[in-house]
Amino acid sequence: IITISECGASVYSISELAQQEFPNLDASLRGTISIARRVVNPLAELVKIPLEALGIGMYQHDAPKEKLKESLKKTVEECVNQIGIDLNSATTHVLQYISGLNKTIANSIIQYRIECGPKGFTSRKQLLEVQGIGPKRFQLAAGFLR
């Protein structure tokens, strides 16, 4: 038996992202899928949930929203960078938290990976071929990518 938190699943299930991922399913099924995916890759699923919807404590609404959001974002970035991310399976939502990357660059990485075909990335050095990644950005990000 595995216990999985359903925190934020209902918020995800009605999000634009969930509707893009599963356009033919109703919200309850999208939420169920999100919870099930947390067994396989919790980090990849949890980054899809708006930080304020994670339910991090009963006093979270007493904290200044911007400061809380900034602090939560920093914590997510630290977790993602500490764990590391597989370049050939990561989504934009996870990649954007890697040091030196943002949503635009994450989308460029996904596009490059698609263009590479089934093999995807065979070396981190290929990141230098991605539009928007130069030597400095590569230096910041490569150590956190597998």
# chains A, B, ... in the order shown; residues from 1 in each chain; ligands from 1
>>> residues_around(residues="Val47 in chain A", least_positions_apart="3", cutoff="9 Å", atoms="only C-alpha atoms", output="PDB file with C-alpha atoms, in the first residue's frame")
ATOM      1  CA  PRO A  42       6.417  12.990  -7.757  1.00  0.00           C
ATOM      2  CA  LEU A  43       8.618  15.954  -8.582  1.00  0.00           C
ATOM      3  CA  ALA A  44       7.472  16.139 -12.207  1.00  0.00           C
ATOM      4  CA  PRO A  50       0.481  26.305  -8.396  1.00  0.00           C
ATOM      5  CA  LEU A  51       2.665  26.778  -5.336  1.00  0.00           C
ATOM      6  CA  VAL A  76      11.312  24.012  -5.587  1.00  0.00           C
ATOM      7  CA  HIS A  93       7.443  22.473 -16.048  1.00  0.00           C
ATOM      8  CA  VAL A  94      10.436  20.752 -14.445  1.00  0.00           C
ATOM      9  CA  TYR A  97      13.409  25.236 -12.395  1.00  0.00           C
TER      10      TYR A  97
END
>>> residues_around(residues="Lys73 in chain A", least_positions_apart="2", cutoff="12 Å", atoms="only C-alpha atoms", output="JSON, numbers by chain")
{"A": [47, 49, 50, 51, 52, 54, 66, 67, 68, 69, 70, 71, 75, 76, 77, 78, 79, 80, 94, 96, 97, 98]}
>>> atom_distance(atom1="CA of Ile4 in chain A", atom2="CA of Arg37 in chain A")
9.9 Å
>>> select_by_dssp(residues="chain A", states="alpha helix (DSSP H)", output="PyMOL selection string")
chain A and resi 9-13+16-21+27-40+42-46+65-83+92-95+103-116+135-141
>>> residues_around(residues="range 5-19 of chain A", least_positions_apart="2", cutoff="9 Å", atoms="only C-alpha atoms", output="ChimeraX atom specification")
/A:3,21-35,38,46,48-51,53-55
